[in-house]
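Shown next: query_10.cif, containing mmCIF, C-alpha atoms.
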data_entry
loop_
_atom_site.label_atom_id
_atom_site.label_comp_id
_atom_site.auth_asym_id
_atom_site.auth_seq_id
_atom_site.Cartn_x
_atom_site.Cartn_y
_atom_site.Cartn_z
CA MET A 13 -45.08 -189.60 131.99
CA CYS A 14 -41.42 -188.73 132.52
CA SER A 15 -40.32 -191.15 129.81
CA VAL A 16 -42.88 -189.71 127.38
CA LEU A 17 -41.61 -186.17 127.97
CA THR A 18 -38.03 -187.34 127.58
CA LEU A 19 -38.83 -189.04 124.27
CA ARG A 20 -40.67 -185.94 123.02
CA THR A 21 -37.73 -183.75 123.96
CA LEU A 22 -35.26 -186.01 122.23
CA ALA A 23 -37.49 -186.18 119.17
CA GLY A 24 -37.68 -182.40 119.09
CA ILE A 25 -33.91 -182.03 119.37
CA LEU A 26 -33.40 -184.62 116.62
CA ARG A 27 -35.85 -182.82 114.38
CA LEU A 28 -34.13 -179.49 114.97
CA ARG A 29 -30.68 -180.96 114.35
CA VAL A 30 -31.87 -182.49 111.09
CA PHE A 31 -33.89 -179.61 109.70
CA ILE A 32 -32.19 -176.46 111.06
CA PRO A 33 -28.83 -175.85 109.36
CA GLU A 34 -25.84 -175.55 111.71
CA HIS A 35 -25.23 -171.87 110.85
CA LYS A 36 -28.69 -170.99 112.16
CA TRP A 37 -28.13 -172.47 115.62
CA GLY A 38 -25.89 -169.58 116.69
CA PRO A 39 -28.45 -166.80 116.13
CA MET A 40 -31.22 -168.92 117.69
CA SER A 41 -29.23 -169.63 120.87
CA HIS A 42 -27.87 -166.08 121.19
CA LEU A 43 -31.19 -164.27 120.64
CA PRO A 44 -32.36 -164.26 124.32
CA LEU A 45 -28.96 -162.95 125.45
CA ALA A 46 -28.96 -160.26 122.77
CA GLN A 47 -32.48 -159.15 123.66
CA GLU A 48 -31.55 -158.92 127.34
CA ALA A 49 -28.48 -156.84 126.44
CA LEU A 50 -30.65 -154.54 124.32
CA ARG A 51 -33.15 -154.09 127.16
CA HIS A 52 -30.28 -153.19 129.48
CA LEU A 53 -28.89 -150.67 126.99
CA LEU A 54 -32.32 -149.14 126.43
CA ALA A 55 -32.65 -148.63 130.19
CA GLN A 56 -29.22 -146.97 130.25
CA LEU A 57 -30.17 -144.76 127.31
CA THR A 58 -33.38 -143.69 129.02
CA ASP A 59 -31.52 -142.74 132.21
CA SER A 60 -28.77 -140.88 130.34
CA ALA A 61 -31.24 -139.05 128.08
CA SER A 62 -33.21 -137.93 131.14
CA ALA A 63 -30.03 -136.75 132.83
CA LEU A 64 -28.94 -134.80 129.74
CA ALA A 65 -32.38 -133.24 129.38
CA ALA A 66 -32.04 -131.98 132.96
CA ASP A 67 -28.50 -130.71 132.34
CA PRO A 68 -28.10 -129.98 128.57
CA GLY A 69 -24.62 -128.51 128.90
CA ASN A 70 -23.08 -131.54 130.60
CA THR A 71 -20.53 -132.84 128.08
CA ARG A 72 -19.73 -135.90 130.21
CA ILE A 73 -23.34 -137.10 130.08
CA ALA A 74 -23.53 -136.31 126.37
CA ALA A 75 -20.42 -138.38 125.69
CA ARG A 76 -21.80 -141.26 127.74
CA LEU A 77 -25.10 -141.07 125.86
CA SER A 78 -23.25 -141.13 122.53
CA GLU A 79 -21.35 -144.28 123.48
CA GLU A 80 -24.47 -146.00 124.82
CA TRP A 81 -26.36 -145.18 121.62
CA ARG A 82 -23.52 -146.56 119.50
CA ARG A 83 -23.46 -149.82 121.49
CA PHE A 84 -27.22 -150.18 121.22
CA THR A 85 -27.42 -149.52 117.48
CA THR A 86 -24.50 -151.87 116.75
CA ILE A 87 -26.15 -154.81 118.51
CA ASN A 88 -29.66 -153.91 117.37
CA ASP A 89 -28.76 -153.52 113.69
CA PHE A 90 -26.89 -156.82 113.73
CA TYR A 91 -29.72 -158.81 115.31
CA THR A 92 -32.63 -157.16 113.48
CA GLY A 93 -31.72 -158.91 110.24
CA LEU A 94 -31.02 -162.21 111.99
CA LYS A 95 -34.31 -162.10 113.88
CA ASN A 96 -36.38 -161.45 110.78
CA GLU A 97 -34.51 -163.77 108.41
CA ILE A 98 -33.61 -166.68 110.71
CA CYS A 99 -34.95 -166.66 114.26
CA PHE A 100 -38.63 -165.81 113.83
CA PRO A 101 -39.19 -168.13 110.83
CA GLN A 102 -37.50 -170.99 112.72
CA ILE A 103 -39.54 -170.33 115.86
CA SER A 104 -42.71 -170.32 113.77
CA ALA A 105 -41.78 -173.59 112.06
CA PHE A 106 -40.45 -175.58 115.01
CA PHE A 107 -41.88 -173.87 118.10
CA PRO A 108 -45.32 -172.60 116.98
CA GLY A 109 -46.52 -172.44 120.58
CA HIS A 110 -43.80 -169.90 121.40
CA HIS A 111 -44.13 -167.80 118.24
CA ALA A 112 -46.81 -165.44 119.60
CA LYS A 113 -44.78 -164.82 122.77
CA ALA A 114 -41.61 -164.16 120.78
CA MET A 115 -43.40 -161.68 118.51
CA ALA A 116 -44.99 -159.96 121.52
CA GLN A 117 -41.56 -159.58 123.14
CA ASN A 118 -40.21 -158.17 119.89
CA GLU A 119 -43.06 -155.66 119.68
CA GLU A 120 -42.29 -154.58 123.25
CA MET A 121 -38.63 -154.06 122.29
CA LEU A 122 -39.66 -151.97 119.27
CA ARG A 123 -41.95 -149.88 121.48
CA LEU A 124 -39.15 -149.23 123.99
CA GLU A 125 -36.76 -148.38 121.15
CA GLN A 126 -39.26 -145.90 119.70
CA GLU A 127 -39.72 -144.25 123.10
CA VAL A 128 -35.96 -143.80 123.44
CA ALA A 129 -35.71 -142.46 119.87
CA VAL A 130 -38.41 -139.88 120.63
CA GLN A 131 -36.62 -138.93 123.84
CA LEU A 132 -33.33 -138.49 121.96
CA ALA A 133 -35.01 -136.45 119.22
CA GLY A 134 -36.31 -134.07 121.87
CA LEU A 135 -32.83 -133.25 123.15
CA SER A 136 -31.15 -130.08 121.96
CA GLY A 137 -27.71 -131.64 121.50
CA GLY A 138 -26.82 -131.58 117.81
CA ALA A 139 -24.46 -134.51 118.20
CA VAL A 140 -27.25 -136.70 119.56
CA ALA A 141 -29.59 -135.78 116.72
CA LYS A 142 -26.89 -136.44 114.14
CA MET A 143 -26.11 -139.75 115.78
CA ALA A 144 -29.72 -140.88 115.61
CA THR A 145 -29.99 -140.25 111.87
CA GLY A 146 -26.62 -141.55 110.68
CA GLY A 147 -25.08 -141.09 107.25
CA ALA A 148 -24.66 -144.62 105.87
CA ASP A 149 -26.72 -145.22 102.72
CA SER A 150 -27.31 -148.96 102.89
CA SER A 151 -29.55 -148.84 99.82
CA ALA A 152 -26.56 -147.90 97.63
CA ASP A 153 -25.97 -150.22 94.66
CA ILE A 154 -22.62 -150.54 92.92
CA ASP A 155 -24.39 -151.04 89.59
CA SER A 156 -25.75 -147.49 89.77
CA TYR A 157 -22.24 -146.16 89.09
CA ALA A 158 -20.78 -145.72 85.62
CA GLY A 159 -18.38 -148.32 84.30
CA VAL A 160 -18.11 -151.48 82.25
CA THR A 161 -16.61 -153.72 84.94
CA LEU A 162 -17.20 -153.86 88.68
CA ALA A 163 -13.69 -152.48 89.17
CA ASP A 164 -14.65 -149.49 87.02
CA LYS A 165 -17.88 -148.94 88.98
CA LEU A 166 -16.10 -149.17 92.31
CA ALA A 167 -13.45 -146.72 91.10
CA ALA A 168 -16.23 -144.32 90.12
CA ALA A 169 -17.87 -144.67 93.56
CA VAL A 170 -14.56 -144.05 95.34
CA SER A 171 -13.88 -141.06 93.11
CA GLU A 172 -17.30 -139.50 93.65
CA ASN A 173 -17.48 -140.00 97.43
CA LYS A 174 -15.00 -139.01 100.13
CA VAL A 175 -15.97 -142.11 102.12
CA VAL A 176 -17.06 -145.53 100.80
CA VAL A 177 -17.77 -148.69 102.79
CA VAL A 178 -18.33 -152.19 101.45
CA GLY A 179 -19.76 -154.58 104.02
CA ARG A 180 -22.34 -157.22 104.86
CA SER A 181 -25.64 -156.59 106.66
CA THR A 182 -24.99 -159.28 109.30
CA CYS A 183 -21.33 -158.41 109.96
CA PRO A 184 -20.88 -156.75 113.39
CA PHE A 185 -17.58 -155.15 112.33
CA CYS A 186 -19.27 -153.61 109.29
CA ILE A 187 -22.07 -152.27 111.45
CA GLU A 188 -19.58 -150.90 113.98
CA VAL A 189 -17.42 -149.05 111.46
CA SER A 190 -20.39 -147.66 109.53
CA ARG A 191 -21.94 -146.41 112.76
CA THR A 192 -18.64 -144.91 113.88
CA LEU A 193 -18.30 -143.00 110.60
CA ALA A 194 -21.94 -141.91 110.63
CA ASP A 195 -21.57 -140.68 114.22
CA MET A 196 -18.76 -138.45 112.97
CA GLY A 197 -21.27 -136.74 110.68
CA LEU A 198 -20.03 -138.44 107.52
CA SER A 199 -22.35 -139.41 104.68
CA PHE A 200 -21.34 -142.28 102.41
CA PRO A 201 -22.56 -145.17 100.25
CA TYR A 202 -22.63 -148.41 102.25
CA PHE A 203 -22.49 -151.22 99.70
CA LEU A 204 -23.84 -154.47 101.19
CA VAL A 205 -22.50 -157.51 99.36
CA ASP A 206 -25.39 -159.70 100.57
CA LYS A 207 -28.06 -157.27 99.35
CA MET A 208 -26.85 -156.20 95.89
CA LEU A 209 -27.28 -158.24 92.72
CA SER A 210 -23.55 -157.90 92.01
CA GLY A 211 -22.56 -158.09 95.67
CA ALA A 212 -20.97 -161.55 95.68
CA ALA A 213 -19.01 -160.78 92.52
CA LEU A 214 -17.86 -157.47 94.00
CA HIS A 215 -16.59 -159.22 97.11
CA GLU A 216 -14.64 -161.73 95.03
CA GLU A 217 -13.18 -158.86 93.00
CA LEU A 218 -12.08 -157.09 96.17
CA LYS A 219 -10.47 -160.22 97.60
CA LYS A 220 -8.32 -160.58 94.51
CA ALA A 221 -7.51 -156.89 94.13
CA THR A 222 -6.68 -156.08 97.77
CA GLY A 223 -5.63 -159.36 99.37
CA GLN A 224 -8.10 -158.57 102.16
CA ARG A 225 -10.57 -161.44 102.35
CA THR A 226 -13.15 -160.14 104.82
CA VAL A 227 -15.51 -157.19 104.98
CA PRO A 228 -15.62 -154.33 105.73
CA TYR A 229 -13.56 -152.42 103.20
CA VAL A 230 -13.27 -148.70 103.95
CA TRP A 231 -12.05 -146.04 101.51
CA VAL A 232 -11.41 -142.44 102.54
CA ALA A 233 -10.38 -139.75 100.04
CA GLY A 234 -9.63 -142.45 97.47
CA LYS A 235 -7.42 -144.50 99.81
CA LEU A 236 -8.29 -147.99 101.06
CA LEU A 237 -7.81 -147.87 104.83
CA GLY A 238 -8.60 -151.55 105.45
CA GLY A 239 -11.24 -152.91 107.81
CA CYS A 240 -12.94 -151.87 111.05
CA ASP A 241 -9.92 -152.08 113.35
CA ASP A 242 -7.68 -150.26 110.86
CA THR A 243 -10.19 -147.45 110.45
CA LYS A 244 -10.87 -147.01 114.17
CA ALA A 245 -7.15 -147.01 114.92
CA LEU A 246 -6.65 -144.15 112.45
CA ILE A 247 -9.56 -142.26 114.01
CA ALA A 248 -8.11 -142.72 117.50
CA SER A 249 -4.66 -141.53 116.39
CA GLY A 250 -5.99 -138.48 114.57
CA GLU A 251 -4.63 -139.69 111.22
CA PHE A 252 -8.12 -140.24 109.86
CA ASP A 253 -8.85 -136.50 109.70
CA LYS A 254 -5.59 -135.93 107.86
CA VAL A 255 -6.50 -138.54 105.27
CA LEU A 256 -9.98 -137.08 104.93
CA GLY A 257 -8.47 -133.65 104.47
CA GLY A 258 -10.11 -132.12 107.52
CA ALA A 259 -13.55 -132.13 105.86
CA GLY A 260 -16.48 -132.48 108.22
CA ASP A 261 -18.88 -133.82 105.60
CA GLY A 262 -18.03 -137.05 103.81
CA SER A 263 -20.67 -136.74 101.11
CA GLY A 264 -19.57 -136.75 97.51
#
Would you encode the structure as structure tokens?
Amino acid sequence: MCSVLTLRTLAGILRLRVFIPEHKWGPMSHLPLAQEALRHLLAQLTDSASALAADPGNTRIAARLSEEWRRFTTINDFYTGLKNEICFPQISAFFPGHHAKAMAQNEEMLRLEQEVAVQLAGLSGGAVAKMATGGADSSADIDSYAGVTLADKLAAAVSENKVVVVGRSTCPFCIEVSRTLADMGLSFPYFLVDKMLSGAALHEELKKATGQRTVPYVWVAGKLLGGCDDTKALIASGEFDKVLGGAGDGSG
């Protein structure tokens, strides 16, 4: 019996190694850890939201809640796409016996997330409400802007909007910077190179034009700030507001 189980296990591993591309192993192996981290953050959010509801004027609790919400949404946004596009289809194909359990666990996570969202929506703090809605328009399409070339269209987008972000839906740095900007109350087009028809071509154009090879690309008031770390450093130093011109609303 032991030898049979060993052979079946080895056969399963061989089948997975042959049929699941290498780039999909990372998301598959990290999913349980990510879900556990999300459960932990949801529990923290619930406790902090309850504490703030009991003491609405407590700025320390409000700040802690803001940071916990940012951490949760960053991880959750990143793994939502990976779960739907990679993990669940692979589980269904190679581990059909575990698919129902995985989907049930995911439904439980969605239920907990909805409960926390309702709890946050019930708080009076304007910053919490603004944080929950965000201002990144991930449905934005570069081809909706006027221009003959992609460079022309991007120039039009940068001209018409105080803030512009070009990123990728599965990039944690893109998610982090877009959430950071949205949490500041800024509204902006969030061009996703893996979702737009011209996305790949736009990324190639940006590599050549800027010398920066990786997303995200962040423009503020017509100026390319760089990526996530560059943008957050300017925010921390106070220079970001100077570049923005002191405006509180980044919509065009």
Requested in this report: Give the answer as one residue: which of A:Ala116, A:Leu209, A:Ala152, A:Val189 has the shortest atom-to-atom distance to Trp231 in chain A, using only C-alpha atoms?
Outcome: A:Val189
Report task. Considering only C-alpha atoms, state which residue in the set A:Ser150, A:Thr85, A:Thr226, A:Ser104 is at the smallest distance from Val176 in chain A. Result ->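 Closest residue, counting only C-alpha atoms: A:Ser150.
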Report task. Dig up all the protein and nucleic acid residues within 12 Å of (-7.6, -150.5, 104.4) in the file frame, using only C-alpha atoms, and format them as a PyMOL selection string. Result -> chain A and resi 176-178+218+222-246+252
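Across the model, the gap from CA of Ser249 in chain A to CA of Gly69 in chain A is 26.9 Å.
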Report task. Would you please work out which residue, of A:Gln47, A:Trp81, A:Val130, A:Leu124, is nearest to Lys95 in chain A when using all atoms listed in the file? Result ->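 Closest residue, counting all atoms listed in the file: A:Gln47.
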Which residues are near Ala213 in chain A? Cut-off 12 Å, all atoms listed in the file, ignore same chain within fewer than 4 positions. Put them as a CSV table (one decimal) with C-alpha atoms, in the frame of the given file.
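Dumped to around06.csv:
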chain,number,residue,atom,x,y,z
A,154,ILE,CA,-22.6,-150.5,92.9
A,155,ASP,CA,-24.4,-151.0,89.6
A,161,THR,CA,-16.6,-153.7,84.9
A,162,LEU,CA,-17.2,-153.9,88.7
A,163,ALA,CA,-13.7,-152.5,89.2
A,166,LEU,CA,-16.1,-149.2,92.3
A,204,LEU,CA,-23.8,-154.5,101.2
A,205,VAL,CA,-22.5,-157.5,99.4
A,206,ASP,CA,-25.4,-159.7,100.6
A,207,LYS,CA,-28.1,-157.3,99.4
A,208,MET,CA,-26.8,-156.2,95.9
A,209,LEU,CA,-27.3,-158.2,92.7
A,217,GLU,CA,-13.2,-158.9,93.0
A,218,LEU,CA,-12.1,-157.1,96.2
A,219,LYS,CA,-10.5,-160.2,97.6
A,220,LYS,CA,-8.3,-160.6,94.5
Query raised in the report: Within 9 Å of Ser60 in chain A, counting all atoms listed in the file, which residues qualify if same-chain residues fewer than 3 places away don't, as a PyMOL selection string?
Result: chain A and resi 55-57+63-65+73-74+76-77+80
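Considering the residues A:Gly179, A:Gly147, A:Pro108, A:Gly159 and counting all atoms listed in the file, Asp195 in chain A has its shortest atom-to-atom contact with A:Gly147.
The spacing separating CA of Leu193 in chain A from CA of Thr58 in chain A amounts to 23.8 Å.
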Query raised in the report: Could you spell out the hits of the PyMOL selection byres ((chain A and resi 92) around 12) on the shown file, as a ChimeraX atom specification?
Result: /A:39,43,46-47,50,84-91,93-100,118,121-122,181-184,187
Query raised in the report: Which one is closest to Asn173 in chain A: A:Gln102, A:Ser199, A:Ser156, A:Ser151? Count only C-alpha atoms.
Result: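 Counting only C-alpha atoms, the residue closest to Asn173 in chain A is A:Ser199.
If you measure from each of A:Ala158, A:Met196, A:His111, A:His215 to Ile247 in chain A using all atoms listed in the file, the closest one turns out to be A:Met196.
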Query raised in the report: Could you work out how far CA of Ser190 in chain A lies from CA of Val128 in chain A, giving the answer in Å with one decimal?
Result: 21.2 Å
